[in-house]
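S.K.: Take a look at the following structure, please.
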Number of protein chains: 2
Amino acid sequence: MDKKEQILASALKLFVEFGFHGTPTSKIAKEAGVSNGTLFHYFATKEDLIKELYITIKNDLNQFLFSKITPEDGVEAIIKKVFIYFIYWALDNREKNHYIQQVLFSPHIFQISESVLMEQSQKHIQLIEEAKATKIIKELPTDLIYTLANSHLMGIYNYVVNLPPDQQKPIIENGFEMLWDMLTEQK
Amino acid sequence: MDKKEQILASALKLFVEFGFHGTPTSKIAKEAGVSNGTLFHYFATKEDLIKELYITIKNDLNQFLFSKITPEDGVEAIIKKVFIYFIYWALDNREKNHYIQQVLFSPHIFQISESVLMEQSQKHIQLIEEAKATKIIKELPTDLIYTLANSHLMGIYNYVVNLPPDQQKPIIENGFEMLWDMLTEQK
DNA sequence: ACCTTTGTAGAGTGATTAGTCAATCTAGTA
DNA sequence: TACTAGATTGACTAATCACTCTACAAAGGT
């Protein structure tokens, strides 16, 4: 792992444990095994480090999610995969998931440009529009569906994260069904 | 408003806008119109201020929610009221709601004693158990229901917060129905 | 009137921090 | 070999911050 990645990895660990305030750049550099100067060679400011870490993680996540899709998958299968694999990713990358939420409810989120944030949700939004177009899911505002799906996802995650691994799968599967039932028409 | 309340109000405003790190105690004192010393007369440490602000807001919220219940309300009516009025409270107290979330995803949450946190969710948990006992809602783990309801609530809030006020009501009402359908048995 | 407690002020302090800078190292290229 | 550009170091600095301390004022009890 090169120095830049090392710095990002150390920053992630420390930010999640001690918060942005609680982690001086000097500790990040130390943990990463590099000098103070090197940190500022790669990241002009601490704020830049926070931002870049966020964007890196989000991109990794999206790449992972969409790598699970195969061409023959229908819209429903894709949505289900995105849902399920997000939770497995979050369980395997708890710090990263926590960090994303941490940034989301901090003033740092406003430092990240609107266009970057949009870019990351674009594919998910597209999926929803597609599902709406093919009449699979209800005619609700796309943003509402997106928000509800996200919230539900986090709800399931928050519950299963405290469960022993062998009990997680049925809850996750059932969790998706609950969301799906909510979003599809019921007679 | 006495000085202590003034300090809490100023802290809320500044913490939400600039984060915990971004707001020095000196700025809080200035904004509140008191001296540095006065702030530390009421709150031994900055951390104490952060904690007490959290607990105060949570208690206010709970008091508000349960003040809306009348004795003749059944379990379903109570749950609906708690749901609906939470959203209205959050819309009327955006900073307070944002602050709660901010603390939740920060290391400061670990500084708040387990018993205080439990006490605040106790009534909500009781409500769910009651609803389960009377067979109104599905037989799922109480914690799971609690988490899902919370998530759904925040999802609806996140959507309506960007809507003009006259369009909020139908979404909120419908939002509750979606959750209720999800938690009650479907044939 | 006297004393005690509590509230308030604001200058002061020691520690910490983000970011700088000049110097050295490394690797690629000609 | 000589040159260059980027990488790396770590001591240094200017600023900031949480918190202290001393002094004084207000309130209230006896």
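If you're wondering about the labels, chains in the structure tokens are A, B, ... by order shown, residues count from 1 in each chain, ligands from 1 in order shown.
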Taking only C-alpha atoms (C1' of nucleotides) into account, find every residue of chain C that has an atom no more than 8 Å from chain B, and write it out as a PDB file with all heavy atoms, in the first residue's frame.
M.R.:
```pdb
ATOM      1  P    DG C   7     -25.789  29.745  40.576  1.00  0.00           P
ATOM      2  OP1  DG C   7     -27.025  29.360  39.863  1.00  0.00           O
ATOM      3  OP2  DG C   7     -24.586  28.886  40.513  1.00  0.00           O
ATOM      4  O5'  DG C   7     -25.388  31.216  40.123  1.00  0.00           O
ATOM      5  C5'  DG C   7     -26.359  32.264  40.250  1.00  0.00           C
ATOM      6  C4'  DG C   7     -25.819  33.528  39.612  1.00  0.00           C
ATOM      7  O4'  DG C   7     -24.661  33.979  40.373  1.00  0.00           O
ATOM      8  C3'  DG C   7     -25.337  33.377  38.170  1.00  0.00           C
ATOM      9  O3'  DG C   7     -25.785  34.534  37.464  1.00  0.00           O
ATOM     10  C2'  DG C   7     -23.823  33.311  38.280  1.00  0.00           C
ATOM     11  C1'  DG C   7     -23.562  34.201  39.484  1.00  0.00           C
ATOM     12  N9   DG C   7     -22.360  33.905  40.259  1.00  0.00           N
ATOM     13  C8   DG C   7     -21.987  32.692  40.799  1.00  0.00           C
ATOM     14  N7   DG C   7     -20.873  32.748  41.468  1.00  0.00           N
ATOM     15  C5   DG C   7     -20.467  34.077  41.374  1.00  0.00           C
ATOM     16  C6   DG C   7     -19.332  34.743  41.911  1.00  0.00           C
ATOM     17  O6   DG C   7     -18.420  34.274  42.592  1.00  0.00           O
ATOM     18  N1   DG C   7     -19.321  36.104  41.575  1.00  0.00           N
ATOM     19  C2   DG C   7     -20.297  36.725  40.829  1.00  0.00           C
ATOM     20  N2   DG C   7     -20.121  38.036  40.604  1.00  0.00           N
ATOM     21  N3   DG C   7     -21.362  36.124  40.325  1.00  0.00           N
ATOM     22  C4   DG C   7     -21.386  34.805  40.638  1.00  0.00           C
ATOM     23  P    DT C   8     -25.649  34.628  35.906  1.00  0.00           P
ATOM     24  OP1  DT C   8     -26.721  35.528  35.413  1.00  0.00           O
ATOM     25  OP2  DT C   8     -25.496  33.263  35.371  1.00  0.00           O
ATOM     26  O5'  DT C   8     -24.288  35.414  35.713  1.00  0.00           O
ATOM     27  C5'  DT C   8     -24.205  36.783  36.178  1.00  0.00           C
ATOM     28  C4'  DT C   8     -22.820  37.313  35.941  1.00  0.00           C
ATOM     29  O4'  DT C   8     -21.923  36.754  36.920  1.00  0.00           O
ATOM     30  C3'  DT C   8     -22.204  36.952  34.581  1.00  0.00           C
ATOM     31  O3'  DT C   8     -22.238  38.110  33.770  1.00  0.00           O
ATOM     32  C2'  DT C   8     -20.780  36.487  34.913  1.00  0.00           C
ATOM     33  C1'  DT C   8     -20.619  36.841  36.383  1.00  0.00           C
ATOM     34  N1   DT C   8     -19.768  35.932  37.183  1.00  0.00           N
ATOM     35  C2   DT C   8     -18.656  36.443  37.807  1.00  0.00           C
ATOM     36  O2   DT C   8     -18.328  37.615  37.739  1.00  0.00           O
ATOM     37  N3   DT C   8     -17.921  35.530  38.533  1.00  0.00           N
ATOM     38  C4   DT C   8     -18.189  34.178  38.685  1.00  0.00           C
ATOM     39  O4   DT C   8     -17.464  33.455  39.364  1.00  0.00           O
ATOM     40  C5   DT C   8     -19.369  33.710  38.001  1.00  0.00           C
ATOM     41  C7   DT C   8     -19.745  32.256  38.091  1.00  0.00           C
ATOM     42  C6   DT C   8     -20.098  34.598  37.289  1.00  0.00           C
ATOM     43  P    DA C   9     -21.662  38.095  32.302  1.00  0.00           P
ATOM     44  OP1  DA C   9     -22.436  39.069  31.499  1.00  0.00           O
ATOM     45  OP2  DA C   9     -21.546  36.704  31.843  1.00  0.00           O
ATOM     46  O5'  DA C   9     -20.213  38.684  32.520  1.00  0.00           O
ATOM     47  C5'  DA C   9     -20.052  39.858  33.316  1.00  0.00           C
ATOM     48  C4'  DA C   9     -18.590  40.068  33.604  1.00  0.00           C
ATOM     49  O4'  DA C   9     -18.152  39.056  34.543  1.00  0.00           O
ATOM     50  C3'  DA C   9     -17.689  39.929  32.377  1.00  0.00           C
ATOM     51  O3'  DA C   9     -17.144  41.196  32.061  1.00  0.00           O
ATOM     52  C2'  DA C   9     -16.612  38.937  32.797  1.00  0.00           C
ATOM     53  C1'  DA C   9     -16.793  38.792  34.298  1.00  0.00           C
ATOM     54  N9   DA C   9     -16.550  37.448  34.805  1.00  0.00           N
ATOM     55  C8   DA C   9     -17.280  36.315  34.559  1.00  0.00           C
ATOM     56  N7   DA C   9     -16.842  35.246  35.176  1.00  0.00           N
ATOM     57  C5   DA C   9     -15.735  35.702  35.877  1.00  0.00           C
ATOM     58  C6   DA C   9     -14.814  35.051  36.733  1.00  0.00           C
ATOM     59  N6   DA C   9     -14.879  33.759  37.017  1.00  0.00           N
ATOM     60  N1   DA C   9     -13.827  35.800  37.265  1.00  0.00           N
ATOM     61  C2   DA C   9     -13.761  37.101  36.973  1.00  0.00           C
ATOM     62  N3   DA C   9     -14.567  37.817  36.188  1.00  0.00           N
ATOM     63  C4   DA C   9     -15.542  37.056  35.663  1.00  0.00           C
ATOM     64  P    DG C  10     -16.793  41.498  30.559  1.00  0.00           P
ATOM     65  OP1  DG C  10     -16.906  42.962  30.373  1.00  0.00           O
ATOM     66  OP2  DG C  10     -17.530  40.564  29.698  1.00  0.00           O
ATOM     67  O5'  DG C  10     -15.256  41.109  30.517  1.00  0.00           O
ATOM     68  C5'  DG C  10     -14.382  41.680  31.472  1.00  0.00           C
ATOM     69  C4'  DG C  10     -13.071  40.918  31.486  1.00  0.00           C
ATOM     70  O4'  DG C  10     -13.241  39.677  32.233  1.00  0.00           O
ATOM     71  C3'  DG C  10     -12.563  40.487  30.094  1.00  0.00           C
ATOM     72  O3'  DG C  10     -11.161  40.584  30.088  1.00  0.00           O
ATOM     73  C2'  DG C  10     -12.962  39.024  30.032  1.00  0.00           C
ATOM     74  C1'  DG C  10     -12.644  38.651  31.474  1.00  0.00           C
ATOM     75  N9   DG C  10     -13.176  37.373  31.909  1.00  0.00           N
ATOM     76  C8   DG C  10     -14.258  36.675  31.409  1.00  0.00           C
ATOM     77  N7   DG C  10     -14.472  35.540  32.021  1.00  0.00           N
ATOM     78  C5   DG C  10     -13.465  35.472  32.975  1.00  0.00           C
ATOM     79  C6   DG C  10     -13.180  34.469  33.930  1.00  0.00           C
ATOM     80  O6   DG C  10     -13.776  33.429  34.142  1.00  0.00           O
ATOM     81  N1   DG C  10     -12.065  34.803  34.708  1.00  0.00           N
ATOM     82  C2   DG C  10     -11.320  35.956  34.569  1.00  0.00           C
ATOM     83  N2   DG C  10     -10.285  36.104  35.394  1.00  0.00           N
ATOM     84  N3   DG C  10     -11.590  36.896  33.675  1.00  0.00           N
ATOM     85  C4   DG C  10     -12.664  36.598  32.916  1.00  0.00           C
TER      86       DG C  10
END
```
S.K.: Show me a table, sorted first by chain and then by increasing residue number, of the residues of chain B having an atom at most 10 Å from chain A, each with its shortest atom pair and the distance in Å to one decimal, counting only C-alpha atoms and written as a Markdown table.
M.R.:
```
| residue | atom | partner | partner_atom | distance |
| --- | --- | --- | --- | --- |
| B:Phe15 | CA | A:Pro107 | CA | 9.0 |
| B:Val16 | CA | A:Pro107 | CA | 7.3 |
| B:Glu17 | CA | A:Pro107 | CA | 6.4 |
| B:Phe18 | CA | A:Pro107 | CA | 5.8 |
| B:Gly19 | CA | A:Pro107 | CA | 5.9 |
| B:Phe20 | CA | A:His21 | CA | 7.3 |
| B:His21 | CA | A:His21 | CA | 5.0 |
| B:Gly22 | CA | A:His21 | CA | 8.3 |
| B:His98 | CA | A:Phe105 | CA | 7.4 |
| B:Tyr99 | CA | A:Phe105 | CA | 8.5 |
| B:Ile100 | CA | A:Phe105 | CA | 9.5 |
| B:Gln101 | CA | A:Phe105 | CA | 6.5 |
| B:Gln102 | CA | A:Phe105 | CA | 5.1 |
| B:Val103 | CA | A:Phe105 | CA | 8.6 |
| B:Leu104 | CA | A:Gln102 | CA | 8.7 |
| B:Phe105 | CA | A:Gln102 | CA | 5.1 |
| B:Ser106 | CA | A:Gly19 | CA | 6.2 |
| B:Pro107 | CA | A:Gly19 | CA | 5.9 |
| B:His108 | CA | A:Gly19 | CA | 8.5 |
| B:Leu140 | CA | A:Ile171 | CA | 9.9 |
| B:Pro141 | CA | A:Tyr159 | CA | 9.7 |
| B:Asp143 | CA | A:Tyr159 | CA | 7.2 |
| B:Leu144 | CA | A:Tyr159 | CA | 5.9 |
| B:Ile145 | CA | A:Gly155 | CA | 9.1 |
| B:Tyr146 | CA | A:Gly155 | CA | 9.0 |
| B:Thr147 | CA | A:Gly155 | CA | 5.4 |
| B:Leu148 | CA | A:Gly155 | CA | 5.0 |
| B:Ala149 | CA | A:Gly155 | CA | 8.2 |
| B:Asn150 | CA | A:Gly155 | CA | 7.6 |
| B:Ser151 | CA | A:Ser151 | CA | 5.0 |
| B:His152 | CA | A:Ser151 | CA | 5.9 |
| B:Leu153 | CA | A:Ser151 | CA | 8.4 |
| B:Met154 | CA | A:Ser151 | CA | 7.0 |
| B:Gly155 | CA | A:Leu148 | CA | 5.0 |
| B:Ile156 | CA | A:Leu148 | CA | 6.8 |
| B:Tyr157 | CA | A:Thr147 | CA | 9.4 |
| B:Asn158 | CA | A:Thr147 | CA | 7.2 |
| B:Tyr159 | CA | A:Leu144 | CA | 5.9 |
| B:Val160 | CA | A:Leu144 | CA | 8.6 |
| B:Ile171 | CA | A:Leu144 | CA | 9.2 |
| B:Gly175 | CA | A:Leu148 | CA | 9.4 |
| B:Glu177 | CA | A:Met182 | CA | 9.8 |
| B:Met178 | CA | A:Met182 | CA | 6.2 |
| B:Leu179 | CA | A:Met182 | CA | 7.9 |
| B:Trp180 | CA | A:Met182 | CA | 9.8 |
| B:Asp181 | CA | A:Met182 | CA | 7.5 |
| B:Met182 | CA | A:Met178 | CA | 6.2 |
| B:Leu183 | CA | A:Met178 | CA | 8.6 |
| B:Gln186 | CA | A:Gln186 | CA | 9.1 |
| B:Lys187 | CA | A:Lys187 | CA | 9.2 |
```
S.K.: Would you write out, as a Markdown table, a table of all residues in chain D that have an atom no more than 12 Å from an atom of chain B, listing for each the closest atom pair and the distance in Å to one decimal, considering only C-alpha atoms (C1' of nucleotides) and ordering rows by chain and rising residue number?
M.R.:
```
| residue | atom | partner | partner_atom | distance |
| --- | --- | --- | --- | --- |
| D:DT16 | C1' | B:Pro24 | CA | 9.0 |
| D:DC17 | C1' | B:Pro24 | CA | 6.8 |
| D:DA18 | C1' | B:Thr25 | CA | 7.5 |
| D:DC19 | C1' | B:Phe40 | CA | 7.9 |
| D:DT20 | C1' | B:Gly37 | CA | 9.0 |
| D:DC21 | C1' | B:Gly37 | CA | 9.8 |
| D:DT22 | C1' | B:Gly37 | CA | 11.5 |
```
S.K.: Grab the residues selected above and save them as a compact mmCIF listing (two decimals), in the first residue's frame with C-alpha atoms (C1' of nucleotides).
M.R.:
```
# COMPACT_ATOMS: atom_id res chain seq x y z
C1' DT D 16 -6.20 28.85 18.74
C1' DC D 17 -8.48 26.60 22.34
C1' DA D 18 -10.31 24.64 26.68
C1' DC D 19 -10.19 25.78 30.94
C1' DT D 20 -8.45 28.52 35.37
C1' DC D 21 -8.23 32.15 38.50
C1' DT D 22 -9.07 36.21 40.87
```
S.K.: Show me, as number ranges by chain, the residues that have an atom within 12 Å of Glu5 of chain B when counting only C-alpha atoms (C1' of nucleotides), minus same-chain residues fewer than 3 positions from it.
M.R.: B: 1-2, 8-12, 28-29, 32-34, 39, 42-43, 49, 52-53, 56-57
S.K.: Would you save the residues of that selection, restricted to all heavy atoms, as a compact mmCIF listing (two decimals), in the first residue's frame?
M.R.:
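Heads up, here's the output in selection29.txt:
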```txt
# COMPACT_ATOMS: atom_id res chain seq x y z
N MET B 1 -35.28 34.45 29.06
CA MET B 1 -34.48 33.21 29.08
C MET B 1 -33.25 33.43 29.96
O MET B 1 -32.54 34.41 29.80
CB MET B 1 -34.07 32.85 27.66
CG MET B 1 -33.68 31.41 27.55
SD MET B 1 -33.44 30.73 25.89
CE MET B 1 -33.53 32.09 24.77
N ASP B 2 -33.00 32.49 30.87
CA ASP B 2 -31.81 32.67 31.71
C ASP B 2 -30.54 32.27 30.96
O ASP B 2 -30.57 31.74 29.86
CB ASP B 2 -31.97 31.93 33.05
CG ASP B 2 -31.94 30.43 32.88
OD1 ASP B 2 -31.64 29.96 31.76
OD2 ASP B 2 -32.24 29.71 33.85
N LEU B 8 -27.19 27.14 26.00
CA LEU B 8 -27.60 25.93 25.28
C LEU B 8 -28.12 26.29 23.89
O LEU B 8 -27.80 25.61 22.90
CB LEU B 8 -28.69 25.19 26.08
CG LEU B 8 -28.21 24.42 27.31
CD1 LEU B 8 -29.39 23.93 28.14
CD2 LEU B 8 -27.33 23.23 26.91
N ALA B 9 -28.91 27.36 23.80
CA ALA B 9 -29.47 27.76 22.51
C ALA B 9 -28.37 28.17 21.53
O ALA B 9 -28.40 27.80 20.35
CB ALA B 9 -30.46 28.91 22.71
N SER B 10 -27.40 28.89 22.04
CA SER B 10 -26.30 29.34 21.17
C SER B 10 -25.44 28.15 20.74
O SER B 10 -25.02 28.07 19.58
CB SER B 10 -25.43 30.36 21.91
OG SER B 10 -26.21 31.45 22.32
N ALA B 11 -25.21 27.26 21.68
CA ALA B 11 -24.41 26.08 21.37
C ALA B 11 -25.09 25.26 20.27
O ALA B 11 -24.45 24.83 19.31
CB ALA B 11 -24.21 25.22 22.62
N LEU B 12 -26.40 25.09 20.40
CA LEU B 12 -27.15 24.34 19.39
C LEU B 12 -26.94 24.94 18.01
O LEU B 12 -26.56 24.24 17.06
CB LEU B 12 -28.64 24.34 19.75
CG LEU B 12 -29.58 23.80 18.68
CD1 LEU B 12 -29.31 22.34 18.40
CD2 LEU B 12 -31.04 24.00 19.09
N ILE B 28 -19.36 30.41 21.60
CA ILE B 28 -20.67 30.10 22.20
C ILE B 28 -21.01 31.15 23.24
O ILE B 28 -22.12 31.69 23.27
CB ILE B 28 -20.64 28.69 22.84
CG1 ILE B 28 -20.39 27.62 21.78
CG2 ILE B 28 -21.97 28.41 23.55
CD1 ILE B 28 -20.17 26.23 22.33
N ALA B 29 -20.04 31.46 24.09
CA ALA B 29 -20.26 32.46 25.14
C ALA B 29 -20.62 33.81 24.53
O ALA B 29 -21.57 34.48 24.95
CB ALA B 29 -19.02 32.58 26.01
N ALA B 32 -24.03 33.87 23.10
CA ALA B 32 -25.03 33.85 24.17
C ALA B 32 -25.04 35.14 24.97
O ALA B 32 -25.91 35.34 25.82
CB ALA B 32 -24.77 32.65 25.09
N GLY B 33 -24.06 35.98 24.73
CA GLY B 33 -23.99 37.25 25.46
C GLY B 33 -23.54 37.09 26.90
O GLY B 33 -23.94 37.86 27.78
N VAL B 34 -22.73 36.08 27.14
CA VAL B 34 -22.18 35.91 28.50
C VAL B 34 -20.66 35.80 28.39
O VAL B 34 -20.11 35.70 27.31
CB VAL B 34 -22.73 34.64 29.19
CG1 VAL B 34 -24.24 34.69 29.28
CG2 VAL B 34 -22.27 33.38 28.47
N LEU B 39 -19.88 30.51 31.10
CA LEU B 39 -20.14 29.25 30.43
C LEU B 39 -19.60 28.09 31.26
O LEU B 39 -20.30 27.09 31.49
CB LEU B 39 -19.48 29.26 29.05
CG LEU B 39 -19.81 28.08 28.12
CD1 LEU B 39 -19.77 28.52 26.66
CD2 LEU B 39 -18.88 26.90 28.31
N TYR B 42 -21.58 27.01 34.37
CA TYR B 42 -22.73 26.12 34.18
C TYR B 42 -22.35 24.75 33.63
O TYR B 42 -23.01 23.76 33.92
CB TYR B 42 -23.75 26.78 33.25
CG TYR B 42 -24.47 27.92 33.89
CD1 TYR B 42 -24.19 29.25 33.56
CD2 TYR B 42 -25.43 27.68 34.88
CE1 TYR B 42 -24.86 30.30 34.19
CE2 TYR B 42 -26.09 28.73 35.50
CZ TYR B 42 -25.80 30.04 35.15
OH TYR B 42 -26.46 31.07 35.78
N PHE B 43 -21.30 24.71 32.84
CA PHE B 43 -20.87 23.43 32.26
C PHE B 43 -19.38 23.25 32.52
O PHE B 43 -18.56 24.01 32.01
CB PHE B 43 -21.15 23.42 30.76
CG PHE B 43 -22.59 23.72 30.43
CD1 PHE B 43 -22.98 25.01 30.09
CD2 PHE B 43 -23.56 22.73 30.48
CE1 PHE B 43 -24.31 25.31 29.80
CE2 PHE B 43 -24.89 23.02 30.21
CZ PHE B 43 -25.27 24.31 29.86
N LEU B 49 -21.33 20.13 28.08
CA LEU B 49 -22.28 20.96 27.35
C LEU B 49 -22.91 20.18 26.20
O LEU B 49 -24.14 20.20 26.00
CB LEU B 49 -21.55 22.22 26.83
CG LEU B 49 -22.31 23.14 25.88
CD1 LEU B 49 -23.62 23.61 26.49
CD2 LEU B 49 -21.44 24.34 25.52
N GLU B 52 -25.29 17.54 27.75
CA GLU B 52 -26.50 18.09 28.37
C GLU B 52 -27.44 18.64 27.31
O GLU B 52 -28.67 18.52 27.43
CB GLU B 52 -26.13 19.17 29.39
CG GLU B 52 -27.30 19.46 30.32
CD GLU B 52 -26.89 20.21 31.58
OE1 GLU B 52 -25.75 20.03 32.05
OE2 GLU B 52 -27.72 20.98 32.10
N LEU B 53 -26.87 19.22 26.27
CA LEU B 53 -27.71 19.72 25.18
C LEU B 53 -28.47 18.57 24.53
O LEU B 53 -29.68 18.68 24.26
CB LEU B 53 -26.83 20.44 24.15
CG LEU B 53 -27.54 21.05 22.95
CD1 LEU B 53 -28.63 22.02 23.39
CD2 LEU B 53 -26.54 21.77 22.04
N THR B 56 -31.22 17.33 26.97
CA THR B 56 -32.30 18.31 27.06
C THR B 56 -33.22 18.23 25.85
O THR B 56 -34.45 18.19 25.98
CB THR B 56 -31.70 19.74 27.14
OG1 THR B 56 -30.82 19.81 28.25
CG2 THR B 56 -32.81 20.77 27.30
N ILE B 57 -32.64 18.18 24.68
CA ILE B 57 -33.44 18.13 23.45
C ILE B 57 -34.28 16.86 23.41
O ILE B 57 -35.47 16.89 23.11
CB ILE B 57 -32.53 18.22 22.21
CG1 ILE B 57 -31.90 19.60 22.13
CG2 ILE B 57 -33.33 17.93 20.94
CD1 ILE B 57 -30.90 19.76 21.00
```
S.K.: If you count only C-alpha atoms (C1' of nucleotides), which residues fall within 12 Å of DT29 of chain C, apart from same-chain ones fewer than 4 positions away, as a list in words?
M.R.: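 The neighbour list is DT1, DA2, DC3, DT4 and DA5 of chain D.
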